[in-house]
file start03.cif (mmCIF, C-alpha atoms and all ligand atoms)
data_data
loop_
_atom_site.label_atom_id
_atom_site.label_comp_id
_atom_site.auth_asym_id
_atom_site.auth_seq_id
_atom_site.Cartn_x
_atom_site.Cartn_y
_atom_site.Cartn_z
CA MET A 1 -61.00 0.12 -76.11
CA ARG A 2 -62.01 -3.31 -77.27
CA ARG A 3 -65.53 -4.27 -78.07
CA SER A 4 -66.66 -7.84 -78.18
CA ILE A 5 -69.37 -8.85 -80.55
CA SER A 6 -71.13 -12.17 -80.67
CA VAL A 7 -70.14 -14.30 -83.59
CA PHE A 8 -72.95 -16.11 -85.26
CA LYS A 9 -72.50 -19.02 -87.59
CA THR A 10 -73.14 -18.56 -91.20
CA SER A 11 -72.38 -20.60 -94.26
CA VAL A 12 -69.25 -19.59 -96.11
CA LEU A 13 -70.17 -16.77 -98.40
CA PHE A 14 -68.03 -15.08 -100.95
CA ILE A 15 -68.04 -11.58 -102.19
CA VAL A 16 -66.71 -10.98 -105.63
CA LEU A 17 -65.80 -7.80 -107.30
CA PHE A 18 -65.85 -6.82 -110.89
CA ALA A 19 -62.87 -4.80 -111.94
CA THR A 20 -62.80 -2.10 -114.52
CA LEU A 21 -59.76 -0.53 -116.12
CA ASN A 22 -58.46 2.47 -114.31
CA VAL A 23 -55.85 5.00 -115.27
CA SER A 24 -54.07 4.55 -111.95
CA VAL A 25 -53.87 0.79 -112.20
CA ALA A 26 -50.17 0.87 -113.11
CA LEU A 27 -49.45 2.18 -109.63
CA GLY A 28 -51.44 -0.61 -108.08
CA GLN A 29 -53.24 2.10 -106.16
CA THR A 30 -56.52 2.98 -107.74
CA ARG A 31 -58.52 5.89 -106.43
CA TRP A 32 -61.00 8.48 -107.67
CA GLY A 33 -59.54 10.95 -110.17
CA GLN A 34 -62.71 13.00 -110.66
CA THR A 35 -65.88 13.45 -108.61
CA ALA A 36 -69.02 15.57 -108.89
CA THR A 37 -67.95 17.75 -105.96
CA ASP A 38 -64.20 18.09 -106.53
CA GLY A 39 -63.93 17.96 -110.32
CA ALA A 40 -61.00 16.40 -112.19
CA GLY A 41 -57.28 16.14 -111.49
CA LEU A 42 -57.44 14.38 -108.13
CA GLY A 43 -54.31 12.46 -107.16
CA LEU A 44 -52.92 10.05 -104.61
CA GLY A 45 -53.38 11.37 -101.07
CA ASP A 46 -55.93 14.06 -101.98
CA ALA A 47 -58.92 14.40 -99.67
CA THR A 48 -62.01 13.73 -101.77
CA THR A 49 -65.79 14.08 -101.55
CA ILE A 50 -67.90 11.34 -103.11
CA THR A 51 -71.66 11.53 -103.63
CA TRP A 52 -73.74 8.38 -103.27
CA GLY A 53 -77.34 7.43 -103.90
CA PHE A 54 -79.81 4.76 -104.94
CA VAL A 55 -81.13 4.03 -108.41
CA SER A 56 -84.91 3.81 -108.78
CA ASP A 57 -86.41 0.35 -108.96
CA GLY A 58 -86.60 -0.75 -112.57
CA THR A 59 -83.27 0.85 -113.55
CA ALA A 60 -81.53 -1.48 -116.02
CA ILE A 61 -78.44 -3.43 -114.92
CA THR A 62 -76.20 -5.19 -117.46
CA PRO A 63 -75.25 -8.59 -115.94
CA ALA A 64 -71.62 -8.80 -114.88
CA ILE A 65 -71.66 -12.20 -113.14
CA THR A 66 -72.39 -15.56 -114.75
CA GLY A 67 -76.04 -16.35 -114.20
CA GLU A 68 -76.95 -12.84 -113.10
CA SER A 69 -80.49 -11.72 -113.82
CA THR A 70 -81.29 -9.32 -116.64
CA ASP A 71 -84.07 -7.77 -114.53
CA GLY A 72 -83.99 -4.14 -113.52
CA SER A 73 -83.06 -3.04 -109.99
CA GLU A 74 -85.44 -4.01 -107.20
CA LEU A 75 -83.27 -2.90 -104.28
CA ILE A 76 -85.64 -0.36 -102.73
CA SER A 77 -88.60 -2.74 -102.63
CA PHE A 78 -86.28 -5.48 -101.34
CA LEU A 79 -85.07 -3.29 -98.49
CA ASP A 80 -88.61 -2.06 -97.71
CA LEU A 81 -89.84 -5.63 -97.53
CA ASN A 82 -87.00 -7.10 -95.47
CA LEU A 83 -85.78 -4.19 -93.32
CA GLY A 84 -88.96 -2.12 -93.17
CA ALA A 85 -90.45 0.71 -95.22
CA GLY A 86 -91.40 3.05 -92.37
CA ALA A 87 -93.80 5.68 -93.66
CA GLY A 88 -92.63 5.05 -97.22
CA GLY A 89 -92.72 7.94 -99.66
CA SER A 90 -90.23 9.23 -102.18
CA ASP A 91 -87.69 10.60 -99.70
CA LEU A 92 -85.48 7.60 -99.00
CA THR A 93 -83.74 9.33 -96.09
CA ASN A 94 -86.86 8.57 -94.01
CA ARG A 95 -86.53 4.81 -94.53
CA PRO A 96 -85.43 2.83 -91.47
CA TRP A 97 -82.65 1.23 -93.56
CA PHE A 98 -81.24 4.55 -94.82
CA SER A 99 -79.10 5.03 -91.72
CA VAL A 100 -77.54 1.59 -92.21
CA PHE A 101 -76.13 2.79 -95.52
CA ASP A 102 -75.37 6.30 -94.30
CA ASN A 103 -73.40 4.99 -91.31
CA ILE A 104 -71.12 2.96 -93.59
CA PHE A 105 -70.09 6.11 -95.43
CA ASP A 106 -69.73 8.00 -92.13
CA ARG A 107 -67.37 5.30 -90.88
CA TRP A 108 -65.11 5.44 -93.94
CA ASP A 109 -65.17 9.25 -93.65
CA ALA A 110 -64.03 9.14 -90.02
CA VAL A 111 -60.90 7.09 -90.74
CA SER A 112 -59.76 8.66 -94.02
CA GLY A 113 -59.68 11.85 -96.07
CA LEU A 114 -62.90 10.83 -97.77
CA SER A 115 -66.14 12.75 -97.27
CA PHE A 116 -69.56 11.66 -98.48
CA SER A 117 -72.74 13.35 -99.47
CA TYR A 118 -76.08 11.70 -100.22
CA GLU A 119 -77.42 12.52 -103.69
CA ALA A 120 -81.21 12.13 -103.84
CA ASN A 121 -81.39 12.37 -107.62
CA ASP A 122 -80.53 9.75 -110.21
CA SER A 123 -80.29 9.99 -113.98
CA GLY A 124 -81.87 6.56 -114.51
CA GLU A 125 -79.08 5.39 -116.79
CA ARG A 126 -78.24 1.70 -117.08
CA ILE A 127 -75.62 0.25 -114.70
CA ASP A 128 -73.03 -1.22 -117.01
CA SER A 129 -69.32 -2.01 -116.99
CA PHE A 130 -68.59 0.13 -120.03
CA VAL A 131 -70.78 3.17 -119.54
CA ALA A 132 -70.95 4.92 -116.20
CA PRO A 133 -72.40 8.40 -115.93
CA ARG A 134 -70.10 10.93 -114.32
CA GLY A 135 -71.41 12.15 -110.99
CA GLN A 136 -73.14 15.51 -111.28
CA LEU A 137 -74.46 17.46 -108.31
CA GLY A 138 -78.24 17.47 -108.21
CA VAL A 139 -78.42 15.02 -111.13
CA VAL A 140 -76.65 11.73 -110.45
CA ALA A 141 -74.37 10.36 -107.73
CA ASP A 142 -70.75 9.31 -108.20
CA VAL A 143 -71.62 5.98 -106.55
CA ARG A 144 -75.00 4.46 -107.49
CA ILE A 145 -76.40 1.56 -105.51
CA ALA A 146 -78.69 -1.04 -107.10
CA GLY A 147 -79.73 -4.64 -106.52
CA HIS A 148 -81.37 -7.63 -108.14
CA SER A 149 -81.03 -11.41 -108.38
CA ILE A 150 -77.45 -12.55 -108.98
CA ASP A 151 -76.92 -16.19 -107.99
CA GLY A 152 -79.26 -17.35 -105.26
CA GLN A 153 -78.41 -17.61 -101.57
CA THR A 154 -76.83 -21.05 -101.19
CA GLY A 155 -73.48 -22.59 -102.03
CA SER A 156 -70.49 -20.56 -103.13
CA ASN A 157 -72.35 -17.38 -103.25
CA THR A 158 -72.00 -13.81 -104.43
CA LEU A 159 -73.44 -11.28 -101.99
CA ALA A 160 -72.73 -8.19 -104.06
CA TYR A 161 -70.25 -6.74 -106.48
CA ASN A 162 -68.79 -3.30 -106.99
CA TYR A 163 -66.96 -1.42 -109.72
CA PHE A 164 -63.63 0.29 -109.03
CA PRO A 165 -63.16 4.09 -109.43
CA ASP A 166 -64.07 6.21 -111.27
CA HIS A 167 -67.15 4.01 -111.76
CA GLY A 168 -67.94 2.93 -108.20
CA ASP A 169 -71.43 1.51 -108.65
CA MET A 170 -72.65 -1.31 -106.41
CA VAL A 171 -75.02 -4.19 -107.20
CA ILE A 172 -76.43 -6.18 -104.27
CA ASP A 173 -77.73 -9.73 -104.69
CA THR A 174 -81.34 -9.56 -103.50
CA ASP A 175 -81.54 -13.36 -103.47
CA ASN A 176 -79.72 -13.32 -100.10
CA VAL A 177 -82.87 -12.65 -98.10
CA SER A 178 -81.86 -14.48 -94.93
CA PHE A 179 -78.38 -12.89 -94.85
CA TYR A 180 -79.45 -9.30 -95.43
CA SER A 181 -82.60 -9.40 -93.28
CA ASN A 182 -80.63 -10.65 -90.25
CA SER A 183 -80.80 -7.74 -87.83
CA SER A 184 -78.18 -9.12 -85.39
CA ASN A 185 -75.71 -6.46 -84.24
CA ASN A 186 -77.64 -3.83 -86.15
CA TYR A 187 -77.49 -5.69 -89.47
CA LEU A 188 -73.78 -6.47 -89.17
CA GLY A 189 -73.95 -8.81 -92.19
CA LEU A 190 -75.37 -6.14 -94.45
CA ARG A 191 -73.10 -3.49 -92.98
CA ASN A 192 -69.87 -5.45 -93.46
CA VAL A 193 -70.85 -6.27 -97.04
CA LEU A 194 -71.61 -2.62 -97.78
CA ALA A 195 -68.37 -1.46 -96.14
CA HIS A 196 -66.38 -4.09 -98.07
CA GLU A 197 -68.05 -3.33 -101.40
CA PHE A 198 -67.57 0.36 -101.00
CA GLY A 199 -63.93 -0.41 -100.13
CA HIS A 200 -63.72 -1.58 -103.76
CA GLY A 201 -65.71 1.50 -104.74
CA MET A 202 -62.97 3.74 -103.31
CA GLY A 203 -60.26 1.65 -105.03
CA LEU A 204 -59.23 -0.97 -102.49
CA PRO A 205 -58.38 -4.45 -103.82
CA HIS A 206 -58.78 -7.67 -101.85
CA VAL A 207 -56.06 -8.38 -99.29
CA ASP A 208 -54.83 -11.88 -98.47
CA THR A 209 -53.84 -12.31 -94.84
CA THR A 210 -53.12 -15.60 -93.12
CA ASN A 211 -52.91 -14.31 -89.55
CA SER A 212 -55.35 -11.45 -89.39
CA LEU A 213 -58.90 -10.53 -90.27
CA GLN A 214 -59.47 -7.53 -92.53
CA LEU A 215 -62.60 -6.15 -94.11
CA MET A 216 -61.06 -6.48 -97.57
CA ASN A 217 -60.50 -10.25 -97.21
CA PRO A 218 -62.42 -11.89 -100.08
CA SER A 219 -64.88 -13.66 -97.75
CA VAL A 220 -67.28 -11.85 -95.50
CA ASN A 221 -66.55 -12.16 -91.78
CA LEU A 222 -68.86 -11.20 -88.95
CA SER A 223 -66.42 -11.42 -86.04
CA PHE A 224 -65.55 -7.73 -86.37
CA ASP A 225 -67.38 -4.55 -87.33
CA GLY A 226 -66.24 -2.43 -90.29
CA PRO A 227 -62.80 -1.40 -91.57
CA GLN A 228 -59.79 -2.93 -89.80
CA ILE A 229 -56.22 -1.62 -89.59
CA ASP A 230 -55.04 -2.75 -93.04
CA ASP A 231 -58.24 -1.41 -94.59
CA ILE A 232 -57.79 1.97 -92.88
CA HIS A 233 -54.16 2.11 -93.98
CA GLN A 234 -55.12 1.34 -97.58
CA ALA A 235 -57.77 4.09 -97.46
CA GLN A 236 -55.20 6.61 -96.16
CA VAL A 237 -52.71 5.61 -98.88
CA ARG A 238 -55.29 6.87 -101.38
CA TYR A 239 -57.05 9.74 -99.58
CA GLY A 240 -54.89 10.70 -96.59
CA ASP A 241 -56.19 10.89 -93.03
CA ASN A 242 -59.25 12.70 -91.71
CA TRP A 243 -57.24 15.87 -91.05
CA GLU A 244 -56.58 16.26 -94.79
CA GLU A 245 -60.25 17.22 -95.21
CA ASN A 246 -61.50 20.84 -95.37
CA GLY A 247 -58.22 22.31 -96.60
CA GLY A 248 -55.97 19.92 -94.73
CA ASN A 249 -53.09 20.77 -92.39
CA ASP A 250 -50.20 20.99 -94.83
CA THR A 251 -49.11 24.54 -93.86
CA PHE A 252 -48.76 26.23 -90.47
CA SER A 253 -51.62 28.64 -91.23
CA VAL A 254 -54.03 25.69 -91.38
CA ALA A 255 -52.33 23.62 -88.69
CA THR A 256 -54.39 21.13 -86.72
CA ASP A 257 -54.99 22.89 -83.39
CA LEU A 258 -54.21 20.52 -80.54
CA GLY A 259 -55.33 23.16 -78.06
CA ILE A 260 -53.77 24.52 -74.91
CA PHE A 261 -51.04 22.59 -73.13
CA ASN A 262 -51.48 23.06 -69.39
CA GLY A 263 -49.23 20.28 -68.14
CA THR A 264 -51.51 17.41 -69.13
CA GLU A 265 -50.03 15.25 -71.87
CA ILE A 266 -51.47 15.65 -75.35
CA LEU A 267 -51.38 12.41 -77.31
CA ILE A 268 -52.76 11.79 -80.82
CA GLY A 269 -52.75 8.88 -83.23
CA VAL A 270 -53.19 6.33 -80.48
CA ASP A 271 -55.64 4.00 -82.21
CA ALA A 272 -53.06 2.75 -84.71
CA ASN A 273 -50.63 2.08 -81.85
CA MET A 274 -51.33 -1.62 -81.38
CA GLY A 275 -47.79 -2.65 -80.64
CA ALA A 276 -46.47 -5.52 -82.68
CA SER A 277 -49.64 -7.56 -82.33
CA LEU A 278 -52.82 -6.90 -84.17
CA ASP A 279 -56.00 -5.86 -82.41
CA GLU A 280 -59.52 -5.61 -83.68
CA VAL A 281 -60.47 -2.07 -84.63
CA ASP A 282 -63.52 -0.93 -82.72
CA PRO A 283 -66.09 0.95 -84.86
CA ASN A 284 -65.87 3.89 -82.44
CA GLN A 285 -62.11 4.36 -82.90
CA ILE A 286 -61.24 7.36 -85.08
CA ASP A 287 -57.72 8.37 -83.98
CA PHE A 288 -55.72 7.09 -86.98
CA ILE A 289 -53.36 9.68 -88.45
CA SER A 290 -50.62 9.41 -91.03
CA ILE A 291 -48.23 11.09 -93.38
CA ASP A 292 -49.65 9.67 -96.58
CA ASN A 293 -46.69 10.05 -98.94
CA GLY A 294 -43.31 11.70 -99.52
CA THR A 295 -44.83 15.12 -100.22
CA ASP A 296 -47.45 15.24 -97.45
CA VAL A 297 -46.61 17.26 -94.34
CA ASP A 298 -48.72 17.77 -91.23
CA PHE A 299 -48.61 20.92 -89.12
CA LEU A 300 -49.77 20.70 -85.51
CA GLU A 301 -50.41 23.77 -83.33
CA ILE A 302 -49.87 23.77 -79.57
CA THR A 303 -50.27 26.71 -77.21
CA LEU A 304 -48.45 26.60 -73.87
CA ASP A 305 -50.13 28.38 -70.95
CA GLY A 306 -46.83 28.84 -69.14
CA VAL A 307 -43.14 28.00 -69.21
CA TYR A 308 -42.58 24.27 -69.63
CA ASP A 309 -39.72 21.88 -70.08
CA MET A 310 -41.29 20.17 -73.08
CA SER A 311 -40.83 16.82 -74.75
CA PHE A 312 -42.29 16.29 -78.22
CA ASP A 313 -42.32 12.62 -79.20
CA LEU A 314 -43.05 11.12 -82.60
CA ASP A 315 -43.48 7.34 -82.85
CA MET A 316 -44.16 5.26 -85.95
CA VAL A 317 -46.98 2.90 -85.07
CA GLY A 318 -48.89 -0.05 -86.46
CA PRO A 319 -48.85 -3.84 -86.21
CA THR A 320 -46.87 -6.46 -88.13
CA TYR A 321 -48.80 -9.17 -89.95
CA ASN A 322 -49.03 -11.27 -93.07
CA HIS A 323 -50.02 -9.18 -96.05
CA ASP A 324 -50.37 -10.59 -99.57
CA GLY A 325 -47.66 -13.19 -98.94
CA ASN A 326 -45.31 -10.94 -96.95
CA ASN A 327 -45.00 -12.50 -93.49
CA SER A 328 -43.38 -9.48 -91.87
CA TYR A 329 -45.37 -6.63 -93.31
CA SER A 330 -45.07 -3.86 -90.73
CA LEU A 331 -47.22 -0.76 -90.68
CA ALA A 332 -44.66 0.80 -88.31
CA ASN A 333 -41.95 0.55 -90.99
CA GLN A 334 -43.50 2.25 -94.01
CA SER A 335 -41.78 5.65 -94.07
CA ASP A 336 -38.99 7.43 -92.18
CA LEU A 337 -40.71 10.45 -90.61
CA ASP A 338 -38.99 13.56 -89.24
CA MET A 339 -40.18 16.34 -86.93
CA VAL A 340 -39.45 20.08 -86.84
CA LEU A 341 -40.45 22.58 -84.13
CA PHE A 342 -41.33 26.12 -85.25
CA ALA A 343 -41.86 29.35 -83.29
CA SER A 344 -45.16 31.22 -83.35
CA ASP A 345 -44.32 32.83 -86.70
CA GLY A 346 -44.49 29.37 -88.28
CA THR A 347 -41.13 29.79 -90.01
CA THR A 348 -38.42 30.18 -87.35
CA VAL A 349 -36.97 26.74 -86.62
CA LEU A 350 -36.44 26.08 -82.92
CA GLY A 351 -35.44 22.45 -83.15
CA ASP A 352 -35.61 19.35 -85.27
CA SER A 353 -35.27 15.60 -85.03
CA ASP A 354 -34.34 13.60 -88.12
CA ASN A 355 -33.07 10.21 -87.04
CA SER A 356 -32.76 7.95 -90.06
CA GLY A 357 -34.35 4.58 -90.56
CA LEU A 358 -37.81 3.08 -90.71
CA GLY A 359 -39.63 2.78 -87.41
CA VAL A 360 -37.14 5.02 -85.56
CA SER A 361 -38.75 7.49 -83.14
CA GLU A 362 -38.07 11.22 -83.12
CA GLN A 363 -37.87 13.49 -80.08
CA ILE A 364 -37.38 17.20 -79.41
CA ASN A 365 -36.71 18.38 -75.84
CA MET A 366 -36.75 22.09 -75.09
CA VAL A 367 -37.78 24.62 -72.48
CA LEU A 368 -40.37 26.89 -74.03
CA GLN A 369 -42.07 30.08 -72.93
CA ALA A 370 -45.82 30.50 -72.93
CA GLY A 371 -47.12 30.95 -76.44
CA THR A 372 -48.05 29.17 -79.65
CA TYR A 373 -45.75 26.70 -81.38
CA TYR A 374 -45.99 24.59 -84.51
CA VAL A 375 -44.73 21.05 -85.03
CA GLN A 376 -44.19 19.91 -88.60
CA ILE A 377 -44.14 16.20 -89.40
CA LEU A 378 -42.90 15.02 -92.78
CA GLY A 379 -41.96 11.78 -94.52
CA ASN A 380 -38.89 10.71 -96.45
CA ASN A 381 -40.47 7.79 -98.30
CA ASN A 382 -43.33 7.63 -100.74
CA ALA A 383 -45.41 5.48 -98.41
CA THR A 384 -48.15 5.97 -95.84
CA GLN A 385 -46.96 5.98 -92.23
CA PHE A 386 -49.27 5.93 -89.20
CA TYR A 387 -47.81 7.97 -86.36
CA GLN A 388 -48.44 8.80 -82.74
CA PHE A 389 -47.47 12.25 -81.53
CA GLY A 390 -47.17 13.29 -77.89
CA ALA A 391 -46.51 16.59 -76.16
CA SER A 392 -45.61 16.35 -72.49
CA GLY A 393 -43.75 18.50 -70.04
CA PHE A 394 -43.49 19.98 -66.60
CA SER A 395 -43.53 23.54 -65.40
CA ALA A 396 -40.10 25.09 -65.64
CA VAL A 397 -38.93 28.13 -63.74
CA PRO A 398 -36.12 29.82 -65.67
CA GLU A 399 -32.93 30.30 -63.70
CA PRO A 400 -32.20 34.00 -63.24
CA GLY A 401 -28.97 33.74 -65.20
CA SER A 402 -30.73 32.12 -68.09
CA MET A 403 -33.32 34.83 -68.29
CA LEU A 404 -30.74 37.16 -69.73
CA ALA A 405 -30.08 34.70 -72.50
CA LEU A 406 -33.74 34.58 -73.45
CA GLY A 407 -33.32 35.38 -77.07
CA ALA A 408 -35.75 36.80 -79.54
CA LEU A 409 -36.68 33.25 -80.46
CA GLY A 410 -38.59 32.88 -77.24
CA ALA A 411 -37.04 29.54 -76.53
CA PHE A 412 -33.95 28.44 -74.68
CA LEU A 413 -32.30 25.35 -73.36
CA ILE A 414 -31.35 24.83 -69.75
CA GLY A 415 -29.48 22.15 -67.88
CA ARG A 416 -29.54 18.49 -68.75
CA ARG A 417 -32.35 17.08 -70.82
CA ARG A 418 -34.31 14.25 -69.41
CA ARG A 419 -37.06 12.16 -70.75
CA ILE A 420 -40.43 12.75 -69.19
CA ALA A 421 -41.64 9.62 -67.50
CA ARG A 422 -45.12 8.59 -68.53
ZN ZN B 1 -64.57 -7.98 -102.56
#
call {"tool": "encode", "arguments": {"input": "start03.cif", "output": "structure tokens"}}
result
Amino acid sequence: MRRSISVFKTSVLFIVLFATLNVSVALGQTRWGQTATDGAGLGLGDATTITWGFVSDGTAITPAITGESTDGSELISFLDLNLGAGAGGSDLTNRPWFSVFDNIFDRWDAVSGLSFSYEANDSGERIDSFVAPRGQLGVVADVRIAGHSIDGQTGSNTLAYNYFPDHGDMVIDTDNVSFYSNSSNNYLGLRNVLAHEFGHGMGLPHVDTTNSLQLMNPSVNLSFDGPQIDDIHQAQVRYGDNWEENGGNDTFSVATDLGIFNGTEILIGVDANMGASLDEVDPNQIDFISIDNGTDVDFLEITLDGVYDMSFDLDMVGPTYNHDGNNSYSLANQSDLDMVLFASDGTTVLGDSDNSGLGVSEQINMVLQAGTYYVQILGNNNATQFYQFGASGFSAVPEPGSMLALGALGAFLIGRRRRIAR
């Protein structure tokens, strides 16, 4: 589903980031290695919970940008003045602007293995490039948000900056009154800046694209809303997809339950299936799934309510576009995925499809009895591959002769295979 938003003119504004050293920088893929909720030892592809919160006004900020003020944070009073204070009080979750921030974290959560939790407390420590307090539950957030004057609101202009993991703190330029107080499209300007800055906060660098618009482009753009396909892919490289949360789906016992198959096609991963061209990602789209590296596997559970001649189809999906100088960067050609079908015990292999090559589809056709089955999807390359998986089929009545051959596996093949038309 496409959503059109009105584009309003704005002067060219630039967002800059301020990078800190990170242990993962050699991989070119920075991400959080330790958070208040999950502790230490986090690695590439691990689902992760990050706490976030605001510093109190007056909290010291060491300038990181030429010309930046040495004043303490004034973000809360700035937001109260320009977006409304509501009933005020010490509980910031009652502020009318709280949901603007909260929704940004919800959106990143929905399209990645990241989860977020608001931390109401803050330790009051200075925001500084060299010293960042570790997040601690009930004490201080992993990601602390502050704001004060940076460089005015005209000309080549900084809107905000953000430290990379495991620092993550954000400083918003409160000089940009007209930009941030613009309520068009539910504060789209503020929202896209917050989503971009937190993109840095989760470890995403800028991306240069000559034929597409992405949230992590260096300049803010208000012709789309929130993370776009390259941004979502970069998030899943680091944290996996949304199904990696809450224990993930890496074994059959925690398989993602796709429900009961009753003859109606089940199709997942459709939002990354843009064909070769590149579409705008709608902020309501959440169906982006991937194998995030060479060790990740996904288990899917499907229960048939009868005997069906089934077709399981696995397609590598994603558009092709210019990415950091590569004119033919294809999200559909990141990793060679394979598919295995298991019986209800989760270990007996009923079929598999392991065509070689990037972007090559996999398919398993088989007549199956009523019951529960597991499909395992796995990758052969250490890269993050969006996929679309479909289960379709039509009721099959076993031929009497075949019934005798119904083995203990509970599955058998009859006649010629044919592709289900869809
Ligand atoms: Zn940036």
call {"tool": "residues_around", "arguments": {"input": "start03.cif", "residues": "Ser330 of chain A", "least_positions_apart": "4", "cutoff": "7 Å", "atoms": "all atoms listed in the file", "output": "ChimeraX atom specification"}}
result
/A:318-321
call {"tool": "residues_around", "arguments": {"input": "start03.cif", "residues": "Phe54 of chain A", "least_positions_apart": "3", "cutoff": "8 Å", "atoms": "only C-alpha atoms", "output": "list in words"}}
result
Ala120, Asp122, Arg144, Ile145 and Ala146 of chain A
call {"tool": "residues_around", "arguments": {"input": "start03.cif", "residues": "segment 188-199 of chain A", "least_positions_apart": "2", "cutoff": "6 Å", "atoms": "all atoms listed in the file", "output": "NGL selection string"}}
result
:A and (104 or 162 or 180 or 185-186 or 201-202 or 204 or 215-216 or 226)
call {"tool": "closest_residue", "arguments": {"input": "start03.cif", "among": "A:Asp298, A:Asp208, A:Asp225, A:Glu245", "to": "Asp324 of chain A", "atoms": "only C-alpha atoms"}}
result
A:Asp208
call {"tool": "atom_distance", "arguments": {"input": "start03.cif", "atom1": "atom CA of Phe179 of chain A", "atom2": "atom CA of Asn82 of chain A"}}
result
10.4 Å
call {"tool": "residues_near_point", "arguments": {"input": "start03.cif", "point": "(-65.4, 11.6, -114.1)", "cutoff": "12 Å", "atoms": "only C-alpha atoms", "output": "MDAnalysis selection string"}}
result
chainID A and resid 22:23 31:42 50 131:136 140:143 165:168
call {"tool": "residues_around", "arguments": {"input": "start03.cif", "residues": "Gly86 of chain A", "least_positions_apart": "6", "cutoff": "8 Å", "atoms": "only C-alpha atoms", "output": "MDAnalysis selection string"}}
result
chainID A and resid 80 94:96
call {"tool": "atom_distance", "arguments": {"input": "start03.cif", "atom1": "atom CA of Ser395 of chain A", "atom2": "atom CA of Tyr308 of chain A"}}
result
4.4 Å
call {"tool": "closest_residue", "arguments": {"input": "start03.cif", "among": "A:Leu159, A:Ala47, A:Leu278, A:Leu79", "to": "ligand ZN 1 (chain B)", "atoms": "all atoms listed in the file"}}
result
A:Leu159
call {"tool": "atom_distance", "arguments": {"input": "start03.cif", "atom1": "atom CA of Val237 of chain A", "atom2": "atom CA of Leu331 of chain A"}}
result
11.7 Å
call {"tool": "residues_around", "arguments": {"input": "start03.cif", "residues": "segment 240-242 of chain A", "least_positions_apart": "5", "cutoff": "8 Å", "atoms": "only C-alpha atoms", "output": "ChimeraX atom specification"}}
result
/A:45-47,109-114,235,288-292
call {"tool": "write_last_selection", "arguments": {"input": "start03.cif", "atoms": "C-alpha atoms", "output": "PDB file, keeping the file's coordinate frame"}}
result
ATOM      1  CA  GLY A  45     -53.380  11.370-101.070  1.00  0.00           C
ATOM      2  CA  ASP A  46     -55.930  14.060-101.980  1.00  0.00           C
ATOM      3  CA  ALA A  47     -58.920  14.400 -99.670  1.00  0.00           C
ATOM      4  CA  ASP A 109     -65.170   9.250 -93.650  1.00  0.00           C
ATOM      5  CA  ALA A 110     -64.030   9.140 -90.020  1.00  0.00           C
ATOM      6  CA  VAL A 111     -60.900   7.090 -90.740  1.00  0.00           C
ATOM      7  CA  SER A 112     -59.760   8.660 -94.020  1.00  0.00           C
ATOM      8  CA  GLY A 113     -59.680  11.850 -96.070  1.00  0.00           C
ATOM      9  CA  LEU A 114     -62.900  10.830 -97.770  1.00  0.00           C
ATOM     10  CA  ALA A 235     -57.770   4.090 -97.460  1.00  0.00           C
ATOM     11  CA  PHE A 288     -55.720   7.090 -86.980  1.00  0.00           C
ATOM     12  CA  ILE A 289     -53.360   9.680 -88.450  1.00  0.00           C
ATOM     13  CA  SER A 290     -50.620   9.410 -91.030  1.00  0.00           C
ATOM     14  CA  ILE A 291     -48.230  11.090 -93.380  1.00  0.00           C
ATOM     15  CA  ASP A 292     -49.650   9.670 -96.580  1.00  0.00           C
TER      16      ASP A 292
END
call {"tool": "closest_residue", "arguments": {"input": "start03.cif", "among": "A:Glu74, A:Asp102, A:Glu68, A:Glu125", "to": "Gly152 of chain A", "atoms": "all atoms listed in the file"}}
result
A:Glu68
call {"tool": "closest_atom_pairs", "arguments": {"input": "start03.cif", "of": "segment 196-272 of chain A", "to": "segment 341-348 of chain A", "cutoff": "12 Å", "atoms": "all atoms listed in the file", "output": "tab-separated table"}}
result
residue	atom	partner	partner_atom	distance
A:Thr251	CA	A:Gly346	CA	8.7
A:Phe252	CA	A:Gly346	CA	5.7
A:Ser253	CA	A:Gly346	CA	7.8
A:Val254	CA	A:Gly346	CA	10.7
A:Ala255	CA	A:Gly346	CA	9.7
call {"tool": "closest_residue", "arguments": {"input": "start03.cif", "among": "A:Val270, A:Ile150, A:Val281, A:Ile377", "to": "Ser212 of chain A", "atoms": "all atoms listed in the file"}}
result
A:Val281
call {"tool": "closest_residue", "arguments": {"input": "start03.cif", "among": "A:Phe78, A:Phe105, A:Gly43, A:Val139", "to": "Ser178 of chain A", "atoms": "all atoms listed in the file"}}
result
A:Phe78
call {"tool": "closest_residue", "arguments": {"input": "start03.cif", "among": "A:Asn221, A:Ser149, A:Asn284, A:Thr174", "to": "ligand ZN 1 (chain B)", "atoms": "only C-alpha atoms and all ligand atoms"}}
result
A:Asn221
